[in-house]
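Here's coords10.txt, which has compact mmCIF, C-alpha atoms:
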```
# COMPACT_ATOMS: atom_id res chain seq x y z
CA MET A 265 -58.54 136.00 177.22
CA ARG A 266 -56.57 133.35 175.39
CA ARG A 267 -54.14 131.53 177.67
CA MET A 268 -50.95 129.86 176.48
CA LYS A 269 -48.93 127.07 178.08
CA ALA A 270 -45.75 127.73 180.02
CA ARG A 271 -42.69 128.22 177.84
CA GLY A 272 -39.98 127.19 180.27
CA ARG A 273 -37.38 128.76 182.44
CA LEU A 274 -36.35 131.56 180.06
CA THR A 275 -39.78 133.15 180.06
CA THR A 276 -39.98 132.76 183.83
CA VAL A 277 -36.70 134.65 184.18
CA LEU A 278 -38.02 137.26 181.77
CA LEU A 279 -41.16 137.84 183.81
CA VAL A 280 -39.30 137.95 187.12
CA ASN A 281 -36.83 140.49 185.71
CA VAL A 282 -39.61 142.66 184.34
CA LEU A 283 -41.51 142.60 187.64
CA ALA A 284 -38.36 143.39 189.58
CA ALA A 285 -37.58 146.32 187.30
CA LEU A 286 -41.10 147.67 187.51
CA ALA A 287 -41.23 147.29 191.27
CA LEU A 288 -37.96 149.15 191.70
CA ALA A 289 -39.11 151.88 189.37
CA GLY A 290 -42.57 152.01 190.91
CA CYS A 291 -42.19 154.16 194.00
CA LEU A 292 -44.49 157.10 193.65
CA ALA A 293 -43.88 159.89 196.14
CA GLU A 294 -46.96 162.03 196.41
CA SER A 295 -50.62 161.75 195.53
CA VAL A 296 -53.28 164.42 195.40
CA ALA A 297 -56.35 163.63 197.05
CA GLN A 298 -65.04 174.83 180.00
CA ASP A 299 -63.80 173.89 176.97
CA GLU A 300 -61.97 176.88 175.32
CA SER A 301 -62.22 175.87 171.67
CA GLU A 302 -63.18 172.97 169.46
CA GLY A 303 -61.95 174.34 166.12
CA GLY A 304 -59.12 173.20 163.86
CA PRO A 305 -55.36 173.44 164.49
CA ALA A 306 -55.32 177.26 164.45
CA ALA A 307 -58.16 177.47 166.96
CA LEU A 308 -56.50 174.82 169.11
CA ALA A 309 -53.19 176.70 169.12
CA SER A 310 -55.03 179.87 170.07
CA SER A 311 -56.87 178.15 172.90
CA LEU A 312 -53.55 176.97 174.34
CA SER A 313 -51.80 180.31 174.06
CA ASN A 314 -51.91 180.72 177.84
CA ARG A 315 -50.81 177.19 178.59
CA ALA A 316 -47.68 178.39 180.45
CA ARG A 317 -49.90 179.01 183.47
CA LEU A 318 -51.32 175.50 183.52
CA PRO A 319 -50.27 172.88 186.10
CA ILE A 320 -48.14 169.90 185.12
CA VAL A 321 -49.33 166.48 186.32
CA LEU A 322 -47.04 163.44 186.32
CA LEU A 323 -48.62 159.99 185.80
CA HIS A 324 -46.73 156.84 186.76
CA GLY A 325 -46.65 153.52 184.99
CA MET A 326 -47.12 149.94 186.09
CA ALA A 327 -46.05 149.13 189.67
CA GLY A 328 -46.15 152.71 190.96
CA PHE A 329 -47.12 153.08 194.62
CA ASP A 330 -46.82 155.50 197.52
CA GLN A 331 -43.18 155.57 198.54
CA ILE A 332 -40.22 153.38 199.44
CA GLY A 333 -37.94 155.28 201.77
CA PRO A 334 -36.51 158.31 199.94
CA LEU A 335 -37.49 157.11 196.47
CA ASP A 336 -40.14 158.57 194.26
CA TYR A 337 -41.18 157.24 190.86
CA PHE A 338 -40.11 160.31 188.85
CA TYR A 339 -36.87 160.57 190.81
CA GLY A 340 -36.27 164.21 191.77
CA VAL A 341 -38.36 165.47 188.86
CA LYS A 342 -41.06 167.24 190.85
CA SER A 343 -38.57 169.36 192.79
CA ARG A 344 -36.64 170.19 189.60
CA LEU A 345 -39.76 171.35 187.78
CA ALA A 346 -40.93 173.29 190.82
CA SER A 347 -37.57 175.08 190.92
CA ASP A 348 -38.16 175.97 187.26
CA GLY A 349 -41.34 177.75 188.33
CA HIS A 350 -43.95 175.15 187.40
CA GLN A 351 -46.89 173.98 189.47
CA VAL A 352 -46.30 170.22 189.62
CA PHE A 353 -48.48 167.42 190.93
CA VAL A 354 -47.92 163.66 191.04
CA THR A 355 -50.88 161.32 190.92
CA GLU A 356 -51.25 157.83 192.36
CA VAL A 357 -53.27 154.90 191.06
CA ASP A 358 -53.27 151.16 191.69
CA PRO A 359 -49.92 149.63 190.68
CA PHE A 360 -51.37 146.48 189.13
CA GLN A 361 -54.71 147.30 187.60
CA ARG A 362 -56.53 147.65 184.29
CA ILE A 363 -56.37 150.89 182.33
CA GLU A 364 -60.01 151.85 182.85
CA VAL A 365 -59.73 151.40 186.62
CA ARG A 366 -56.56 153.46 186.87
CA ALA A 367 -58.08 156.20 184.68
CA ALA A 368 -61.15 156.33 186.92
CA GLN A 369 -58.84 156.77 189.90
CA LEU A 370 -57.07 159.63 188.12
CA ALA A 371 -60.27 161.56 187.45
CA PRO A 372 -60.99 162.87 190.98
CA GLN A 373 -57.31 163.68 191.48
CA LEU A 374 -57.29 165.90 188.41
CA GLN A 375 -60.54 167.50 189.54
CA SER A 376 -58.89 168.25 192.86
CA ILE A 377 -55.84 169.77 191.14
CA LEU A 378 -58.05 172.00 189.00
CA ALA A 379 -60.02 173.11 192.05
CA ARG A 380 -56.89 173.82 194.10
CA THR A 381 -55.11 175.79 191.39
CA GLY A 382 -58.08 177.46 189.75
CA ALA A 383 -56.77 176.29 186.39
CA ARG A 384 -59.15 175.22 183.62
CA ARG A 385 -56.79 172.67 182.11
CA VAL A 386 -53.63 170.71 182.91
CA HIS A 387 -50.64 169.22 181.11
CA LEU A 388 -50.27 165.46 181.55
CA ILE A 389 -46.79 163.90 181.35
CA ALA A 390 -47.05 160.14 181.61
CA HIS A 391 -44.59 157.28 181.71
CA SER A 392 -45.29 153.78 180.40
CA GLN A 393 -48.84 152.57 181.18
CA GLY A 394 -49.59 156.03 182.54
CA GLY A 395 -49.81 157.21 178.94
CA LEU A 396 -52.59 154.73 178.22
CA ASP A 397 -54.37 155.82 181.40
CA ALA A 398 -54.15 159.42 180.19
CA ARG A 399 -55.54 158.61 176.75
CA TYR A 400 -58.44 156.67 178.28
CA LEU A 401 -59.15 159.49 180.73
CA VAL A 402 -59.42 162.02 177.90
CA SER A 403 -61.31 159.88 175.39
CA HIS A 404 -63.67 157.90 177.62
CA LEU A 405 -64.11 159.99 180.78
CA GLY A 406 -64.71 163.33 179.10
CA PHE A 407 -61.56 165.19 180.13
CA GLY A 408 -60.85 166.66 176.71
CA ASP A 409 -61.95 170.06 177.96
CA ARG A 410 -59.68 169.89 181.01
CA VAL A 411 -56.45 168.53 179.49
CA ALA A 412 -54.31 170.76 177.28
CA THR A 413 -51.55 168.29 176.35
CA VAL A 414 -50.77 164.61 176.83
CA THR A 415 -47.10 163.68 176.58
CA THR A 416 -46.27 160.00 176.80
CA ILE A 417 -42.82 158.57 177.51
CA SER A 418 -42.28 155.01 176.29
CA SER A 419 -45.95 154.14 176.59
CA PRO A 420 -46.88 150.90 174.77
CA HIS A 421 -49.43 152.43 172.39
CA ARG A 422 -49.14 149.37 170.18
CA GLY A 423 -48.54 146.98 173.05
CA SER A 424 -45.38 145.30 174.25
CA ARG A 425 -44.15 141.93 173.08
CA VAL A 426 -42.80 141.49 176.60
CA ALA A 427 -46.38 141.39 177.90
CA ASP A 428 -47.33 138.87 175.21
CA VAL A 429 -44.54 136.54 176.28
CA ALA A 430 -45.23 137.05 179.98
CA LEU A 431 -48.85 136.05 179.48
CA GLY A 432 -47.68 132.73 178.14
CA ILE A 433 -46.68 131.64 181.65
CA LEU A 434 -49.52 133.16 183.66
CA PRO A 435 -51.50 129.92 184.10
CA GLY A 436 -50.25 127.66 186.83
CA PRO A 437 -47.68 128.44 189.55
CA ALA A 438 -46.51 131.64 187.85
CA GLU A 439 -50.04 133.00 188.02
CA SER A 440 -50.20 132.36 191.74
CA LEU A 441 -46.83 134.06 192.20
CA LEU A 442 -47.99 137.11 190.25
CA ALA A 443 -51.17 137.38 192.29
CA PHE A 444 -49.11 137.17 195.48
CA LEU A 445 -46.68 139.86 194.30
CA ALA A 446 -49.52 142.15 193.22
CA ASN A 447 -51.26 141.88 196.58
CA LEU A 448 -47.99 142.20 198.49
CA ILE A 449 -46.85 145.35 196.70
CA GLY A 450 -50.15 146.98 195.88
CA GLY A 451 -52.54 145.66 198.48
CA GLY A 452 -55.71 143.73 197.73
CA GLY A 453 -57.99 144.21 194.77
CA GLN A 454 -55.26 144.23 192.14
CA ASP A 455 -55.67 142.71 188.67
CA LEU A 456 -52.19 141.97 187.35
CA GLU A 457 -53.36 139.45 184.77
CA GLY A 458 -55.94 141.87 183.37
CA GLN A 459 -53.34 144.63 183.34
CA ALA A 460 -50.81 142.44 181.54
CA TYR A 461 -53.33 141.52 178.86
CA GLN A 462 -54.09 145.20 178.21
CA LEU A 463 -50.39 145.78 177.56
CA THR A 464 -50.23 143.13 174.84
CA GLU A 465 -49.95 143.90 171.14
CA GLU A 466 -53.22 142.07 170.53
CA TYR A 467 -55.23 144.23 172.92
CA ALA A 468 -53.61 147.47 171.76
CA THR A 469 -54.29 146.90 168.09
CA SER A 470 -57.67 145.17 168.26
CA VAL A 471 -59.35 146.89 171.22
CA PHE A 472 -57.68 149.90 172.81
CA ASN A 473 -56.60 151.99 169.82
CA PRO A 474 -59.76 151.49 167.74
CA THR A 475 -61.97 152.52 170.67
CA THR A 476 -59.77 155.30 172.09
CA PRO A 477 -59.43 158.05 169.49
CA ASP A 478 -57.49 161.21 170.22
CA ASP A 479 -59.52 164.22 171.28
CA PRO A 480 -59.12 167.11 168.78
CA ARG A 481 -59.02 169.60 171.65
CA VAL A 482 -55.85 168.04 173.07
CA LEU A 483 -52.27 168.09 171.78
CA TYR A 484 -50.55 164.69 171.92
CA TYR A 485 -46.77 164.27 172.08
CA SER A 486 -44.62 161.18 172.56
CA VAL A 487 -41.02 160.24 173.39
CA ALA A 488 -39.26 156.86 173.24
CA GLY A 489 -36.21 155.49 174.99
CA VAL A 490 -33.42 153.57 173.30
CA THR A 491 -30.93 151.32 175.06
CA ARG A 492 -28.25 148.87 173.92
CA ALA A 493 -26.60 145.69 175.11
CA ALA A 494 -23.17 147.38 174.96
CA THR A 495 -21.59 150.54 173.59
CA LEU A 496 -18.28 152.36 173.32
CA ASP A 497 -20.04 155.71 172.98
CA ILE A 498 -21.02 156.11 176.63
CA TRP A 499 -21.79 159.83 176.22
CA ARG A 500 -24.46 159.36 173.57
CA GLU A 501 -25.78 155.83 174.10
CA ASP A 502 -27.25 153.91 177.00
CA VAL A 503 -26.34 150.42 178.20
CA CYS A 504 -29.37 148.42 179.29
CA ASP A 505 -29.86 147.84 183.00
CA PRO A 506 -29.37 144.12 183.80
CA LEU A 507 -32.92 144.01 185.19
CA LEU A 508 -34.20 144.69 181.67
CA TRP A 509 -31.83 142.49 179.67
CA ALA A 510 -34.39 139.75 179.05
CA GLY A 511 -36.92 142.23 177.73
CA TYR A 512 -34.28 144.00 175.64
CA LEU A 513 -33.17 140.75 174.01
CA LEU A 514 -36.76 139.75 173.33
CA LEU A 515 -37.48 143.09 171.61
CA SER A 516 -34.13 143.57 169.89
CA GLY A 517 -35.21 141.56 166.87
CA HIS A 518 -38.08 143.99 166.35
CA GLY A 519 -36.20 147.28 166.34
CA ALA A 520 -34.86 149.80 168.84
CA ASN A 521 -36.37 149.62 172.33
CA ASP A 522 -35.86 150.58 175.97
CA GLY A 523 -35.99 147.07 177.42
CA LEU A 524 -39.79 146.98 177.72
CA VAL A 525 -41.29 149.11 174.95
CA SER A 526 -40.18 149.44 171.33
CA VAL A 527 -39.72 152.83 169.70
CA ASP A 528 -42.41 151.96 167.18
CA SER A 529 -44.91 151.22 169.94
CA ALA A 530 -44.02 154.41 171.82
CA ARG A 531 -44.90 156.66 168.87
CA HIS A 532 -48.16 158.54 169.24
CA GLY A 533 -49.33 161.96 168.14
CA VAL A 534 -46.38 164.25 167.45
CA PHE A 535 -43.29 162.11 167.97
CA LEU A 536 -40.56 164.27 169.53
CA GLY A 537 -37.77 161.69 169.22
CA THR A 538 -35.73 159.32 171.36
CA VAL A 539 -33.61 159.67 174.47
CA PRO A 540 -30.63 157.41 175.38
CA ALA A 541 -32.35 155.68 178.26
CA ASP A 542 -33.84 152.34 179.21
CA HIS A 543 -37.27 152.05 180.82
CA LEU A 544 -35.85 152.74 184.28
CA ASP A 545 -33.53 155.57 183.26
CA GLU A 546 -36.48 157.44 181.73
CA VAL A 547 -37.72 158.23 185.24
CA GLY A 548 -34.29 158.43 186.89
CA GLN A 549 -34.27 155.00 188.42
CA ILE A 550 -32.65 153.52 190.28
CA LEU A 551 -31.75 156.34 192.73
CA GLY A 552 -31.06 158.82 189.96
CA THR A 553 -28.58 156.68 188.06
CA THR A 554 -28.84 157.01 184.28
CA ALA A 555 -26.56 156.91 181.25
CA LEU A 556 -23.61 159.31 181.45
CA GLY A 557 -24.92 161.27 178.51
CA PHE A 558 -28.50 161.54 179.75
CA SER A 559 -29.83 163.67 182.58
CA HIS A 560 -33.43 162.76 183.20
CA LYS A 561 -34.00 165.94 185.23
CA THR A 562 -32.73 168.11 182.40
CA PHE A 563 -34.92 166.18 179.98
CA TYR A 564 -38.07 166.77 182.06
CA SER A 565 -37.11 170.41 182.54
CA ARG A 566 -36.91 170.90 178.78
CA LEU A 567 -40.06 168.89 178.24
CA ALA A 568 -42.00 170.97 180.76
CA ARG A 569 -40.85 174.15 179.07
CA PHE A 570 -41.88 172.75 175.69
CA VAL A 571 -45.43 171.82 176.69
CA THR A 572 -46.02 175.07 178.54
CA ASP A 573 -44.46 177.40 175.93
CA PRO A 574 -45.56 177.07 172.28
CA SER A 575 -42.43 178.95 171.17
CA ALA A 576 -39.97 176.69 173.04
CA PRO A 577 -37.66 174.39 171.06
CA SER A 578 -38.13 170.64 171.03
CA PRO A 579 -36.87 169.06 174.25
CA ILE A 580 -34.80 166.47 172.33
```
Could the structure of this file be written out as structure tokens, please?
Amino acid sequence: MRRMKARGRLTTVLLVNVLAALALAGCLAESVAQDESEGGPAALASSLSNRARLPIVLLHGMAGFDQIGPLDYFYGVKSRLASDGHQVFVTEVDPFQRIEVRAAQLAPQLQSILARTGARRVHLIAHSQGGLDARYLVSHLGFGDRVATVTTISSPHRGSRVADVALGILPGPAESLLAFLANLIGGGGQDLEGQAYQLTEEYATSVFNPTTPDDPRVLYYSVAGVTRAATLDIWREDVCDPLLWAGYLLLSGHGANDGLVSVDSARHGVFLGTVPADHLDEVGQILGTTALGFSHKTFYSRLARFVTDPSAPSPI
């Protein structure tokens, strides 16, 4: 991997802010220890006609881990979806690790969910890096016959410029600090530098996307978040969390974004649209606080209905 020289205090502040935001968002509550058709769109739709009975599995992004006090990564989402009548599971993978490692950790958890529920397939709803884990799981680990839908929320399908800038200060003291933080938060055996490189635009466009095609047996949906530096329309627009300001400013010259991932990068499969939320608000962090005009629980409730019911309206 090409290494760049340190770019000064601004990039250091950027990286610290991003790590702080991800660590606060990354507090995953609970872990869990044959193909129906391979035809065209009509056959695929037919094979998913009973998808309302399938379990929903939530996949966390970078920095997710067991639990911090009362917090969970998808804040209050599991209980909301359960109250809606869905079977909901939340997976857990290493917080700072490469995509292929995290996907391999997902595999036995999904197998366990299928065995426990008796279902043949599941719906995956993934935030941030979790969306890349899901795509790798389906394309490289042979789960196309066990996954009905993959819905990604602000996943960096085309990489994140924030990761590109952060990598510019990895060599030297910053690299040591990152290794320390990774081991402190996630335990030993983490690979934060490898993870960061896989979130870059270079890796996404030259390696990941060309080698990770969509499986024709799976429906892919995507959602992006949009935040702003300031707004007078507090009921329809989101103001960026201070923890994400550096990332927002870095990305603002390249279009709408959520403070870490641009809308353009978040598009994949059938793009459902944008929500007024920054990268933390998208999962109800911190402690359920989001923009006044955005309820993350209502969003996930509508999204769950959409993926499980082919006749349901778009969630956005």
Inset, instruction - Quote the spacing between CA of Gly395 (chain A) and CA of Thr415 (chain A) in Å to one decimal place. - result: 7.4 Å
Inset, instruction - With a distance cut-off of 9 Å and only C-alpha atoms, select the neighbouring residues of region 346-354 of chain A, excluding the residue or stretch itself and same-chain residues fewer than 2 positions from it, and output the selection as a list in words. - result: Leu292, Ala293, Glu294, Ser295, Val296, Ala316, Arg317, Leu318, Pro319, Ile320, Val321, Leu322, Leu323, His324, Phe338, Val341, Lys342, Ser343, Arg344, Glu356, Ile377, Thr381, Ser565, Ala568 and Arg569 of chain A
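The nearest approach to Thr554 (chain A) among the residues A:Gln361, A:Ser392, A:Thr491, A:Ser403, with all atoms listed in the file taken into account, belongs to A:Thr491.
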Inset, instruction - Skip region 533-536 of chain A itself and residues of its chain fewer than 5 positions away, then list as a list in words all residues within 6 Å of it, counting only C-alpha atoms. - result: Tyr484, Tyr485, Ser486 and Val487 of chain A
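With CA of Pro506 (chain A) on one side and CA of Ala488 (chain A) on the other, the separation reads 19.3 Å.
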Legend entry - Residues within 12 Å of Val471 (chain A), only C-alpha atoms, excluding chain neighbours under 3 positions, as a list of chain:residue names: A:His421, A:Arg422, A:Gly423, A:Tyr461, A:Gln462, A:Leu463, A:Thr464, A:Glu465, A:Glu466, A:Tyr467, A:Ala468, A:Pro474, A:Thr475, A:Thr476, A:Pro477
Inset, instruction - Name all residues at most 6 Å from Asp542 (chain A) (count all atoms listed in the file; drop same-chain ones fewer than 2 positions away) and give them as a PyMOL selection string. - result: chain A and resi 489+491+504+522-523+544-545
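Rounded to one decimal, CA of Val357 (chain A) and CA of Ser418 (chain A) lie 18.4 Å from each other.
For region 495-501 of chain A, the non-local neighbours within 6 Å, defined as residues at least 3 positions apart in the same chain or in other chains and counting all atoms listed in the file, are Pro540, Leu556 and Gly557 of chain A.
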Just-selected residues, C-alpha atoms written as a compact mmCIF listing (two decimals), in the coordinates of the input:
```
# COMPACT_ATOMS: atom_id res chain seq x y z
CA PRO A 540 -30.63 157.41 175.38
CA LEU A 556 -23.61 159.31 181.45
CA GLY A 557 -24.92 161.27 178.51
```
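Distances from A:His560, A:Arg384, A:Arg481, A:Arg425 to Gly511 (chain A) were compared using all atoms listed in the file, and the smallest one belongs to A:Arg425.
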